[in-house]
>>> print(open('query25.txt').read())   # compact mmCIF, C-alpha atoms
# COMPACT_ATOMS: atom_id res chain seq x y z
CA MET Z 8 30.21 95.58 107.05
CA GLN Z 9 31.23 94.66 103.52
CA VAL Z 10 34.63 93.28 102.49
CA SER Z 11 36.02 92.72 99.01
CA VAL Z 12 39.43 91.16 98.32
CA GLU Z 13 41.64 91.92 95.33
CA GLU Z 14 44.83 90.01 94.48
CA SER Z 15 47.19 92.86 93.69
CA GLY Z 16 50.39 90.78 93.61
CA ALA Z 17 51.84 87.32 94.20
CA ILE Z 18 51.36 87.68 97.95
CA GLU Z 19 49.75 91.14 98.14
CA ARG Z 20 46.04 91.52 98.79
CA LYS Z 21 43.90 94.66 98.91
CA LEU Z 22 40.93 94.50 101.26
CA THR Z 23 38.29 97.17 100.61
CA ILE Z 24 36.31 97.42 103.84
CA SER Z 25 33.06 99.38 104.16
CA VAL Z 26 31.47 100.10 107.55
CA PRO Z 27 27.81 101.32 107.45
CA ALA Z 28 27.09 104.93 108.44
CA GLU Z 29 24.74 103.67 111.16
CA ASN Z 30 27.58 101.92 113.00
CA VAL Z 31 29.86 104.95 112.84
CA ASN Z 32 27.17 107.47 113.80
CA GLN Z 33 25.93 105.40 116.73
CA GLU Z 34 29.43 105.18 118.17
CA ILE Z 35 30.02 108.92 117.70
CA ASP Z 36 26.70 109.76 119.41
CA LYS Z 37 27.44 107.34 122.25
CA ARG Z 38 30.81 108.92 122.96
CA LEU Z 39 29.45 112.45 122.71
CA LYS Z 40 26.81 111.59 125.34
CA ASN Z 41 29.51 110.18 127.61
CA VAL Z 42 31.51 113.36 127.23
CA ALA Z 43 28.41 115.52 127.87
CA ARG Z 44 27.90 113.88 131.27
CA GLN Z 45 31.38 114.83 132.42
CA ALA Z 46 32.37 117.91 130.44
CA LYS Z 47 33.05 121.13 132.33
CA ILE Z 48 32.17 124.02 130.06
CA PRO Z 49 32.20 127.65 131.26
CA GLY Z 50 28.68 128.98 131.83
CA PHE Z 51 27.11 125.56 132.32
CA ARG Z 52 26.84 123.23 135.28
CA PRO Z 53 28.73 119.90 134.79
CA GLY Z 54 26.68 117.62 132.55
CA LYS Z 55 24.16 120.36 131.63
CA ALA Z 56 25.72 121.82 128.48
CA PRO Z 57 23.44 121.60 125.40
CA GLN Z 58 24.21 118.84 122.92
CA ASN Z 59 24.95 121.33 120.13
CA VAL Z 60 27.66 122.94 122.30
CA ILE Z 61 29.17 119.54 123.12
CA ARG Z 62 29.10 118.57 119.46
CA GLN Z 63 30.66 121.84 118.36
CA ARG Z 64 33.50 121.48 120.86
CA TYR Z 65 34.20 117.73 120.79
CA ALA Z 66 32.73 116.27 117.57
CA GLY Z 67 35.93 116.60 115.53
CA GLN Z 68 38.15 114.89 118.09
CA ILE Z 69 35.63 112.12 118.82
CA THR Z 70 34.99 111.49 115.14
CA ASN Z 71 38.71 110.98 114.56
CA GLU Z 72 38.91 108.60 117.53
CA VAL Z 73 35.90 106.61 116.32
CA ILE Z 74 37.31 106.36 112.80
CA SER Z 75 40.65 105.08 114.14
CA ASP Z 76 39.03 102.58 116.52
CA THR Z 77 36.55 101.43 113.86
CA ILE Z 78 39.34 100.80 111.39
CA ASN Z 79 41.22 98.70 113.94
CA SER Z 80 38.21 96.61 114.96
CA SER Z 81 36.75 96.20 111.47
CA TYR Z 82 40.16 95.23 110.06
CA ARG Z 83 40.41 92.34 112.54
CA GLU Z 84 36.80 91.38 111.80
CA ALA Z 85 37.45 91.45 108.04
CA LEU Z 86 40.43 89.09 108.44
CA GLY Z 87 38.18 86.68 110.32
CA GLU Z 88 35.42 86.85 107.73
CA THR Z 89 37.78 86.27 104.79
CA GLU Z 90 39.85 83.69 106.72
CA ILE Z 91 43.02 85.47 105.68
CA THR Z 92 46.14 85.19 107.86
CA PRO Z 93 48.32 88.18 107.05
CA ALA Z 94 52.10 87.94 107.03
CA GLY Z 95 52.19 91.70 107.47
CA LEU Z 96 50.21 94.90 107.05
CA VAL Z 97 51.56 97.11 104.28
CA SER Z 98 49.23 100.11 104.61
CA ILE Z 99 45.75 101.34 105.50
CA GLU Z 100 44.36 104.07 103.26
CA PRO Z 101 41.05 105.58 104.46
CA LYS Z 102 38.88 107.18 101.82
CA PRO Z 103 37.68 110.74 102.54
CA TYR Z 104 35.08 110.66 105.31
CA ASP Z 105 32.02 112.88 105.22
CA GLU Z 106 30.08 113.46 108.41
CA GLY Z 107 27.09 111.17 108.62
CA GLU Z 108 28.35 108.88 105.91
CA GLY Z 109 29.77 105.35 106.10
CA LEU Z 110 33.46 104.62 106.53
CA GLU Z 111 35.48 102.99 103.74
CA TYR Z 112 39.17 102.20 103.55
CA VAL Z 113 41.63 99.93 101.75
CA ALA Z 114 43.93 97.69 103.79
CA THR Z 115 46.90 96.41 101.79
CA ILE Z 116 48.39 93.28 103.31
CA GLU Z 117 50.82 90.53 102.41
CA VAL Z 118 49.91 86.88 102.91
CA PHE Z 119 52.19 83.92 103.46
CA PRO Z 120 53.43 82.48 100.16
CA GLU Z 121 52.55 78.95 99.15
CA ILE Z 122 55.38 76.45 99.53
CA PRO Z 123 55.07 74.22 96.45
CA THR Z 124 57.68 71.58 97.35
CA PRO Z 125 57.89 70.68 101.07
CA THR Z 126 60.00 67.58 100.32
CA LEU Z 127 63.31 66.81 98.59
CA GLU Z 128 62.02 64.07 96.33
CA GLY Z 129 64.17 63.83 93.23
CA GLN Z 130 67.06 65.75 94.78
CA THR Z 131 70.44 64.32 95.79
CA ILE Z 132 72.06 65.38 99.07
CA GLU Z 133 75.70 64.59 99.74
CA ASN Z 134 76.15 63.30 103.27
CA PRO Z 135 79.72 63.32 104.63
CA VAL Z 136 80.86 60.22 106.49
CA CYS Z 137 83.97 60.43 108.67
CA GLU Z 138 85.29 59.37 112.05
CA VAL Z 139 87.95 60.34 114.55
CA THR Z 140 91.02 58.09 114.25
CA ALA Z 141 94.14 57.53 116.34
CA ASP Z 142 96.08 59.73 113.89
CA ASP Z 143 93.65 62.60 114.54
CA ILE Z 144 94.18 62.24 118.29
CA ASP Z 145 97.97 62.17 117.83
CA ARG Z 146 97.83 65.21 115.55
CA THR Z 147 95.81 67.13 118.15
CA LEU Z 148 98.28 66.11 120.86
CA GLU Z 149 101.10 67.47 118.74
CA ASP Z 150 99.22 70.77 118.23
CA ILE Z 151 98.76 71.04 122.01
CA ARG Z 152 102.44 70.28 122.47
CA GLN Z 153 103.42 73.01 120.02
CA ARG Z 154 101.17 75.54 121.78
CA ASN Z 155 102.80 74.69 125.12
CA ALA Z 156 106.39 75.05 123.99
CA ASP Z 157 108.91 76.64 126.34
CA TYR Z 158 111.03 79.41 124.81
CA SER Z 159 114.60 80.42 125.63
CA ASP Z 160 116.85 83.15 124.23
CA LYS Z 161 118.69 82.32 121.02
CA GLU Z 162 121.92 83.93 119.85
CA ASP Z 163 121.77 82.55 116.31
CA ALA Z 164 119.67 84.03 113.51
CA SER Z 165 115.93 83.49 113.60
CA ALA Z 166 114.34 80.61 111.69
CA GLU Z 167 110.92 79.07 111.25
CA GLY Z 168 109.44 78.00 114.58
CA ASP Z 169 111.34 80.64 116.54
CA ARG Z 170 109.51 83.31 118.49
CA VAL Z 171 110.56 86.91 117.81
CA THR Z 172 109.57 89.92 119.92
CA ILE Z 173 109.69 93.17 117.99
CA ASP Z 174 108.85 96.86 117.89
CA PHE Z 175 107.65 97.98 114.47
CA GLU Z 176 106.32 101.06 112.74
CA GLY Z 177 104.83 101.02 109.29
CA THR Z 178 104.40 103.86 106.83
CA ILE Z 179 102.60 104.28 103.51
CA ASP Z 180 103.98 107.06 101.31
CA GLY Z 181 106.03 108.12 104.33
CA GLU Z 182 103.01 108.51 106.61
CA PRO Z 183 102.09 106.26 109.58
CA PHE Z 184 98.76 104.45 109.27
CA ASN Z 185 96.22 103.14 111.75
CA GLY Z 186 97.25 99.76 113.21
CA GLY Z 187 100.67 99.92 111.59
CA SER Z 188 102.79 100.03 114.75
CA ALA Z 189 103.30 98.06 117.97
CA GLN Z 190 105.81 97.54 120.75
CA ASP Z 191 106.98 94.32 122.42
CA PHE Z 192 104.98 92.34 119.89
CA PRO Z 193 105.69 88.56 119.95
CA PHE Z 194 104.87 86.04 117.23
CA VAL Z 195 106.14 82.69 116.04
CA LEU Z 196 107.69 82.58 112.59
CA GLY Z 197 105.85 80.30 110.20
CA GLU Z 198 102.61 80.05 112.18
CA GLY Z 199 100.71 82.32 109.81
CA GLN Z 200 99.93 84.98 112.42
CA MET Z 201 101.43 87.69 110.20
CA LEU Z 202 101.33 88.28 106.46
CA GLU Z 203 103.73 85.99 104.59
CA GLU Z 204 105.84 88.94 103.37
CA PHE Z 205 106.26 90.34 106.88
CA ASP Z 206 107.00 86.89 108.32
CA SER Z 207 109.64 86.03 105.72
CA GLY Z 208 111.25 89.45 106.12
CA LEU Z 209 112.19 88.55 109.69
CA ARG Z 210 113.90 85.25 108.95
CA GLY Z 211 117.63 85.44 109.64
CA VAL Z 212 117.56 88.37 112.11
CA ARG Z 213 119.19 88.43 115.55
CA ALA Z 214 118.21 90.09 118.82
CA GLY Z 215 119.29 93.75 118.88
CA GLU Z 216 119.24 94.15 115.10
CA THR Z 217 116.98 96.36 113.03
CA ALA Z 218 115.36 95.48 109.75
CA LYS Z 219 113.30 97.11 107.04
CA VAL Z 220 110.47 95.06 105.59
CA GLU Z 221 108.79 96.33 102.44
CA PHE Z 222 105.96 94.80 100.45
CA THR Z 223 102.54 95.51 98.94
CA PHE Z 224 99.37 94.74 100.86
CA PRO Z 225 97.10 92.27 99.02
CA GLU Z 226 94.27 93.84 97.02
CA ASP Z 227 91.73 91.86 99.05
CA TYR Z 228 93.26 92.75 102.43
CA HIS Z 229 90.59 93.27 105.10
CA GLY Z 230 91.82 96.79 105.85
CA GLU Z 231 90.39 98.83 102.97
CA ASP Z 232 92.60 101.84 103.79
CA VAL Z 233 95.79 99.89 103.09
CA ALA Z 234 94.67 97.21 100.61
CA GLY Z 235 96.84 97.17 97.50
CA LYS Z 236 99.25 99.82 98.83
CA ASP Z 237 103.04 99.72 99.22
CA VAL Z 238 104.14 99.64 102.85
CA SER Z 239 107.48 99.99 104.63
CA PHE Z 240 108.06 98.68 108.16
CA ASP Z 241 110.98 99.70 110.37
CA VAL Z 242 111.52 96.81 112.79
CA THR Z 243 113.61 96.53 115.96
CA VAL Z 244 114.24 92.94 117.01
CA LYS Z 245 114.18 92.77 120.82
CA LYS Z 246 114.23 88.99 121.29
CA VAL Z 247 114.77 85.82 119.32
CA GLU Z 248 113.75 82.67 121.17
CA VAL Z 249 113.93 79.02 120.26
CA ALA Z 250 111.19 76.57 121.17
CA SER Z 251 111.73 73.62 123.47
CA LEU Z 252 108.91 71.09 123.14
CA PRO Z 253 107.75 69.05 126.14
CA GLU Z 254 107.58 65.27 126.03
CA ILE Z 255 104.10 63.85 125.49
CA ASP Z 256 103.76 61.78 128.66
CA ASP Z 257 101.91 61.60 131.96
CA ALA Z 258 103.79 64.63 133.27
CA PHE Z 259 102.62 66.65 130.26
CA ALA Z 260 99.02 65.63 130.93
CA GLU Z 261 99.37 66.64 134.58
CA ARG Z 262 100.86 69.98 133.53
CA LEU Z 263 97.66 70.62 131.55
CA GLY Z 264 95.41 69.95 134.54
CA ILE Z 265 94.72 66.22 134.29
CA SER Z 266 95.38 65.07 137.83
CA GLU Z 267 94.46 61.40 137.35
CA GLY Z 268 94.79 59.00 134.46
CA GLY Z 269 97.79 60.69 132.85
CA LEU Z 270 98.32 60.54 129.10
CA ALA Z 271 95.65 57.87 128.53
CA LYS Z 272 93.04 60.10 130.16
CA MET Z 273 94.21 63.05 128.10
CA GLN Z 274 93.87 61.04 124.89
CA GLU Z 275 90.39 59.95 125.94
CA GLU Z 276 89.33 63.55 126.56
CA ILE Z 277 90.77 64.63 123.22
CA GLU Z 278 88.83 61.88 121.45
CA THR Z 279 85.60 62.96 123.20
CA SER Z 280 86.21 66.59 122.28
CA LEU Z 281 87.02 65.81 118.64
CA ASN Z 282 83.90 63.66 118.32
CA ARG Z 283 81.80 66.45 119.79
CA GLU Z 284 83.26 68.94 117.28
CA LEU Z 285 82.76 66.44 114.46
CA ASN Z 286 79.12 65.79 115.32
CA GLN Z 287 78.42 69.51 115.53
CA ARG Z 288 80.00 70.10 112.12
CA LEU Z 289 78.20 67.11 110.59
CA ARG Z 290 74.83 68.40 111.83
CA ALA Z 291 75.58 71.93 110.61
CA THR Z 292 76.71 70.69 107.20
CA GLN Z 293 73.67 68.48 106.76
CA ARG Z 294 71.40 71.31 107.87
CA ASP Z 295 72.97 73.79 105.42
CA ARG Z 296 72.69 71.37 102.50
CA VAL Z 297 69.09 70.46 103.24
CA MET Z 298 68.04 74.08 103.69
CA LYS Z 299 69.78 75.13 100.49
CA ALA Z 300 68.06 72.31 98.60
CA LEU Z 301 64.68 73.32 100.03
CA GLN Z 302 65.24 76.95 99.13
CA ASP Z 303 66.39 76.03 95.61
CA ALA Z 304 63.19 74.00 95.19
CA ASN Z 305 60.98 76.82 96.50
CA ASP Z 306 61.64 80.19 94.91
CA ILE Z 307 59.08 82.13 96.92
CA PRO Z 308 58.31 85.84 97.37
CA THR Z 309 59.07 87.14 100.85
CA PRO Z 310 56.65 89.38 102.77
CA ARG Z 311 58.14 92.84 103.02
CA ALA Z 312 57.10 93.36 106.63
CA MET Z 313 58.89 90.17 107.69
CA VAL Z 314 62.02 91.19 105.80
CA GLU Z 315 62.02 94.61 107.49
CA GLU Z 316 61.69 92.95 110.91
CA GLU Z 317 64.63 90.67 110.09
CA ILE Z 318 66.75 93.65 109.03
CA ASP Z 319 65.78 95.40 112.29
CA ARG Z 320 66.99 92.39 114.28
CA ALA Z 321 70.28 92.22 112.38
CA ILE Z 322 71.01 95.92 112.89
CA GLU Z 323 69.98 95.76 116.55
CA SER Z 324 72.32 92.82 117.08
CA ILE Z 325 75.24 94.67 115.48
CA ASN Z 326 74.61 97.81 117.54
CA GLU Z 327 74.31 95.77 120.73
CA GLN Z 328 77.66 94.17 119.96
CA MET Z 329 79.23 97.57 119.33
CA LYS Z 330 77.71 98.87 122.55
CA SER Z 331 79.24 95.96 124.49
CA GLN Z 332 82.63 97.00 123.08
CA GLY Z 333 82.14 100.59 124.19
CA LEU Z 334 81.50 101.84 120.65
CA PRO Z 335 78.65 104.16 119.63
CA ALA Z 336 75.71 102.86 117.60
CA GLN Z 337 75.93 103.50 113.87
CA GLU Z 338 73.39 104.51 111.23
CA LEU Z 339 73.72 101.39 109.11
CA ASP Z 340 72.62 101.09 105.48
CA ARG Z 341 69.60 98.77 105.57
CA SER Z 342 70.09 97.71 101.95
CA ASN Z 343 73.30 95.91 102.94
CA TYR Z 344 71.28 93.47 105.03
CA GLU Z 345 68.33 92.96 102.71
CA GLU Z 346 69.46 89.88 100.76
CA ASP Z 347 70.44 87.96 103.90
CA ALA Z 348 67.15 88.99 105.52
CA LYS Z 349 65.16 87.72 102.52
CA ARG Z 350 67.02 84.42 102.63
CA ARG Z 351 66.38 83.95 106.36
CA VAL Z 352 62.70 84.84 106.00
CA ALA Z 353 62.29 82.42 103.07
CA LEU Z 354 63.99 79.63 104.99
CA GLY Z 355 61.80 80.29 108.02
CA LEU Z 356 58.62 80.12 105.94
CA ILE Z 357 59.73 76.95 104.19
CA ALA Z 358 60.71 75.32 107.48
CA ARG Z 359 57.35 76.25 109.01
CA GLU Z 360 55.51 74.61 106.12
CA VAL Z 361 57.62 71.46 106.31
CA ILE Z 362 57.00 71.17 110.06
CA GLN Z 363 53.25 71.52 109.55
CA LYS Z 364 53.05 69.17 106.57
CA HIS Z 365 55.08 66.46 108.30
CA GLU Z 366 53.42 67.11 111.69
CA LEU Z 367 56.79 67.34 113.44
CA LYS Z 368 56.81 67.76 117.22
CA VAL Z 369 59.76 68.45 119.50
CA ASP Z 370 61.22 65.23 120.90
CA ALA Z 371 61.74 65.91 124.63
CA ASP Z 372 64.23 63.04 124.98
CA ARG Z 373 66.38 64.47 122.21
CA VAL Z 374 66.26 67.89 123.84
CA ARG Z 375 67.64 66.47 127.09
CA ALA Z 376 70.26 64.45 125.21
CA ARG Z 377 71.40 67.57 123.36
CA ILE Z 378 71.67 69.63 126.55
CA GLU Z 379 73.61 66.83 128.25
CA GLU Z 380 75.93 66.64 125.23
CA MET Z 381 76.54 70.38 125.44
CA ALA Z 382 77.20 70.05 129.18
CA GLU Z 383 80.09 67.63 128.60
CA GLY Z 384 82.43 70.54 127.96
CA TYR Z 385 81.79 72.03 131.43
CA ASP Z 386 83.06 71.06 134.88
CA ASP Z 387 79.63 71.11 136.52
CA CYS Z 388 77.43 69.25 134.03
CA GLU Z 389 74.42 69.17 136.34
CA ALA Z 390 74.47 72.93 136.86
CA PHE Z 391 74.63 73.42 133.08
CA VAL Z 392 71.60 71.18 132.52
CA ASN Z 393 69.65 72.93 135.29
CA TYR Z 394 70.54 76.31 133.77
CA TYR Z 395 68.60 75.43 130.59
CA TYR Z 396 65.71 73.68 132.29
CA GLY Z 397 65.38 76.47 134.83
CA GLU Z 398 64.33 79.11 132.29
CA PRO Z 399 61.67 78.47 129.58
CA ALA Z 400 63.22 80.96 127.14
CA ARG Z 401 66.59 79.18 127.27
CA LEU Z 402 64.97 75.76 126.91
CA GLN Z 403 63.02 76.98 123.87
CA GLN Z 404 66.32 77.77 122.12
CA ILE Z 405 67.39 74.13 122.38
CA GLU Z 406 63.91 72.90 121.46
CA ALA Z 407 64.04 75.00 118.29
CA MET Z 408 67.47 73.55 117.47
CA VAL Z 409 66.26 69.97 117.97
CA LEU Z 410 63.08 70.56 115.96
CA GLU Z 411 65.22 71.87 113.12
CA GLU Z 412 67.33 68.69 113.30
CA GLN Z 413 64.15 66.60 113.13
CA LEU Z 414 63.13 68.62 110.06
CA VAL Z 415 66.50 67.91 108.43
CA GLU Z 416 66.15 64.19 109.12
CA ALA Z 417 62.61 64.17 107.70
CA MET Z 418 63.85 65.85 104.52
CA MET Z 419 66.86 63.53 104.21
CA ALA Z 420 64.39 60.64 104.29
CA THR Z 421 62.67 62.06 101.18
CA ALA Z 422 65.90 62.76 99.26
CA THR Z 423 68.43 60.58 97.49
CA VAL Z 424 71.38 60.48 99.87
CA LYS Z 425 74.90 60.11 98.49
CA GLU Z 426 77.42 59.24 101.19
CA VAL Z 427 80.89 60.78 100.74
CA THR Z 428 83.67 59.32 102.90
CA GLN Z 429 86.23 61.85 104.13
CA SER Z 430 88.98 61.93 106.69
CA PHE Z 431 88.50 64.03 109.78
CA GLN Z 432 91.09 66.50 108.51
CA GLU Z 433 89.50 66.81 105.06
CA PHE Z 434 86.06 67.42 106.53
CA MET Z 435 86.99 69.78 109.36
CA ASN Z 436 89.57 71.76 107.37
CA PRO Z 437 88.48 71.61 103.71
CA ALA Z 438 90.69 74.55 102.68
CA ALA Z 439 93.78 72.88 104.15
CA GLY Z 440 92.97 69.63 102.43
CA SER Z 441 92.51 71.15 98.98
>>> encode(input="query25.txt", output="structure tokens")
Amino acid sequence: MQVSVEESGAIERKLTISVPAENVNQEIDKRLKNVARQAKIPGFRPGKAPQNVIRQRYAGQITNEVISDTINSSYREALGETEITPAGLVSIEPKPYDEGEGLEYVATIEVFPEIPTPTLEGQTIENPVCEVTADDIDRTLEDIRQRNADYSDKEDASAEGDRVTIDFEGTIDGEPFNGGSAQDFPFVLGEGQMLEEFDSGLRGVRAGETAKVEFTFPEDYHGEDVAGKDVSFDVTVKKVEVASLPEIDDAFAERLGISEGGLAKMQEEIETSLNRELNQRLRATQRDRVMKALQDANDIPTPRAMVEEEIDRAIESINEQMKSQGLPAQELDRSNYEEDAKRRVALGLIAREVIQKHELKVDADRVRARIEEMAEGYDDCEAFVNYYYGEPARLQQIEAMVLEEQLVEAMMATATVKEVTQSFQEFMNPAAGS
């Protein structure tokens, strides 16, 4: 067998593979003899048909089978000889085959791109530094208090903080539109649940009154059918209720399911929860910044086959989600997912190179620590831990997460790190703090 390799692109290679006629003919003859021993042909006893009859009847089919099998086996052999590890097979193009001749074909493959910069030397990564304070705990307590308000009927006009229950029907150009009506719909004024124009249009109303609220939907509204259009809502106010806030004390803690320890225990649990959320966000932020810096430093071509597989996974995930909601699968436009797929493939290739270059191995102790941290949010922590250790596939998910964190730490060690101190609120809610 002869193999020649041509670089036909940045990561594309064309392998011209030639298999000698002797190899192909021997395999065809061997298979024809096997068929002759078993073939049942009218006019001949089993296994006694002349070779020319067997060849006439079966040669075409067997030749095609031998060509297909020879391509498969010689392709694998050629990869071994050339020491090429393909990222994906683009195509196999056999040249015309003449009986008795050798077999030649061209296999077009893509190889893994070289990763030129598997470190962040010379780059600056901003690393947020923040902590949970007593004010953050108090603020969270107040949010919980607000969410657990008791409501009672109010005779006066509605104001911010009141809960209104309404029936409404909206029309655009006099016609109802999808999602534009509801009955017995409650919401709290000023909480941002409804559009600002709708919310403000129901300030100053009383139970039993009707109101007309008119405005224009924002141009960037998520509902494309109504975005930028004038709308009119006919509203019937069924209830106006005023909030009564509970005292933040031991009784409040008990009301929320804390049977022992009262308010102090509740504050402790809030602090633990906020720290858990903070640590998760810190890790995610650091990961995103490191991965972006790595990708910016490595503008690499992405193997088409890997991109197509990534698009397949994205579409399959969306259709599975739709199926779980009782919706039919859709024929989705693959081009809409291509850029994200290319980015994910590039990041995966870069991460793989970094792991190999830095000889990173999964730290088993960190894996257990991460699972135990995740378990803190559940009543039965031991059962949660056993759930992950009881199934290799589930454990591998956490191992992959921890290995990625080790990669991030290794890269941070090669970069210039600029620490940026922020409050918990600024870091967790950047839009609110701006």
>>> atom_distance(input="query25.txt", atom1="atom CA of Z:Asp174", atom2="atom CA of Z:Asp227")
25.9 Å
>>> closest_residue(input="query25.txt", among="Z:Arg351, Z:Lys236, Z:Lys330, Z:Lys272", to="Z:Phe222", atoms="only C-alpha atoms")
Z:Lys236
>>> closest_residue(input="query25.txt", among="Z:Glu345, Z:Glu149, Z:Glu278, Z:Glu221", to="Z:Leu252", atoms="all atoms listed in the file")
Z:Glu149
>>> atom_distance(input="query25.txt", atom1="atom CA of Z:Glu284", atom2="atom CA of Z:Thr140")
13.7 Å
>>> atom_distance(input="query25.txt", atom1="atom CA of Z:Asn41", atom2="atom CA of Z:Ser25")
26.1 Å
>>> closest_residue(input="query25.txt", among="Z:Leu281, Z:Ile122, Z:Leu110, Z:Val374", to="Z:Val361", atoms="only C-alpha atoms")
Z:Ile122
>>> closest_residue(input="query25.txt", among="Z:Ala271, Z:Met435, Z:Ala417, Z:Ile318", to="Z:Met298", atoms="all atoms listed in the file")
Z:Ala417
>>> residues_around(input="query25.txt", residues="Z:Ala260", least_positions_apart="3", cutoff="10 Å", atoms="all atoms listed in the file", output="ChimeraX atom specification")
/Z:254-257,263-274
>>> residues_around(input="query25.txt", residues="stretch 247-251 of chain Z", least_positions_apart="5", cutoff="8 Å", atoms="only C-alpha atoms", output="PDB file with C-alpha atoms, in the frame of the given file")
ATOM      1  CA  ALA Z 156     106.390  75.050 123.990  1.00  0.00           C
ATOM      2  CA  ASP Z 157     108.910  76.640 126.340  1.00  0.00           C
ATOM      3  CA  TYR Z 158     111.030  79.410 124.810  1.00  0.00           C
ATOM      4  CA  SER Z 159     114.600  80.420 125.630  1.00  0.00           C
ATOM      5  CA  ASP Z 160     116.850  83.150 124.230  1.00  0.00           C
ATOM      6  CA  LYS Z 161     118.690  82.320 121.020  1.00  0.00           C
ATOM      7  CA  GLU Z 162     121.920  83.930 119.850  1.00  0.00           C
ATOM      8  CA  ALA Z 164     119.670  84.030 113.510  1.00  0.00           C
ATOM      9  CA  SER Z 165     115.930  83.490 113.600  1.00  0.00           C
ATOM     10  CA  GLY Z 168     109.440  78.000 114.580  1.00  0.00           C
ATOM     11  CA  ASP Z 169     111.340  80.640 116.540  1.00  0.00           C
ATOM     12  CA  ARG Z 170     109.510  83.310 118.490  1.00  0.00           C
ATOM     13  CA  VAL Z 171     110.560  86.910 117.810  1.00  0.00           C
ATOM     14  CA  THR Z 172     109.570  89.920 119.920  1.00  0.00           C
ATOM     15  CA  ARG Z 213     119.190  88.430 115.550  1.00  0.00           C
ATOM     16  CA  ALA Z 214     118.210  90.090 118.820  1.00  0.00           C
TER      17      ALA Z 214
END
>>> closest_residue(input="query25.txt", among="Z:Leu354, Z:Gly197, Z:Tyr112, Z:Glu128", to="Z:Ile307", atoms="only C-alpha atoms")
Z:Leu354
>>> residues_around(input="query25.txt", residues="Z:Asp372", least_positions_apart="6", cutoff="12 Å", atoms="all atoms listed in the file", output="PyMOL selection string")
chain Z and resi 378-379+405-406+409-410
>>> closest_residue(input="query25.txt", among="Z:Gly235, Z:Gly67, Z:Gly16, Z:Gly95", to="Z:Arg311", atoms="all atoms listed in the file")
Z:Gly95
>>> axis_aligned_box(input="query25.txt", around="stretch 349-359 of chain Z", padding_each_side="8 Å", output="AutoDock Vina command-line options")
--center_x 62.2 --center_y 81.5 --center_z 105.8 --size_x 25.7 --size_y 28.4 --size_z 22.5
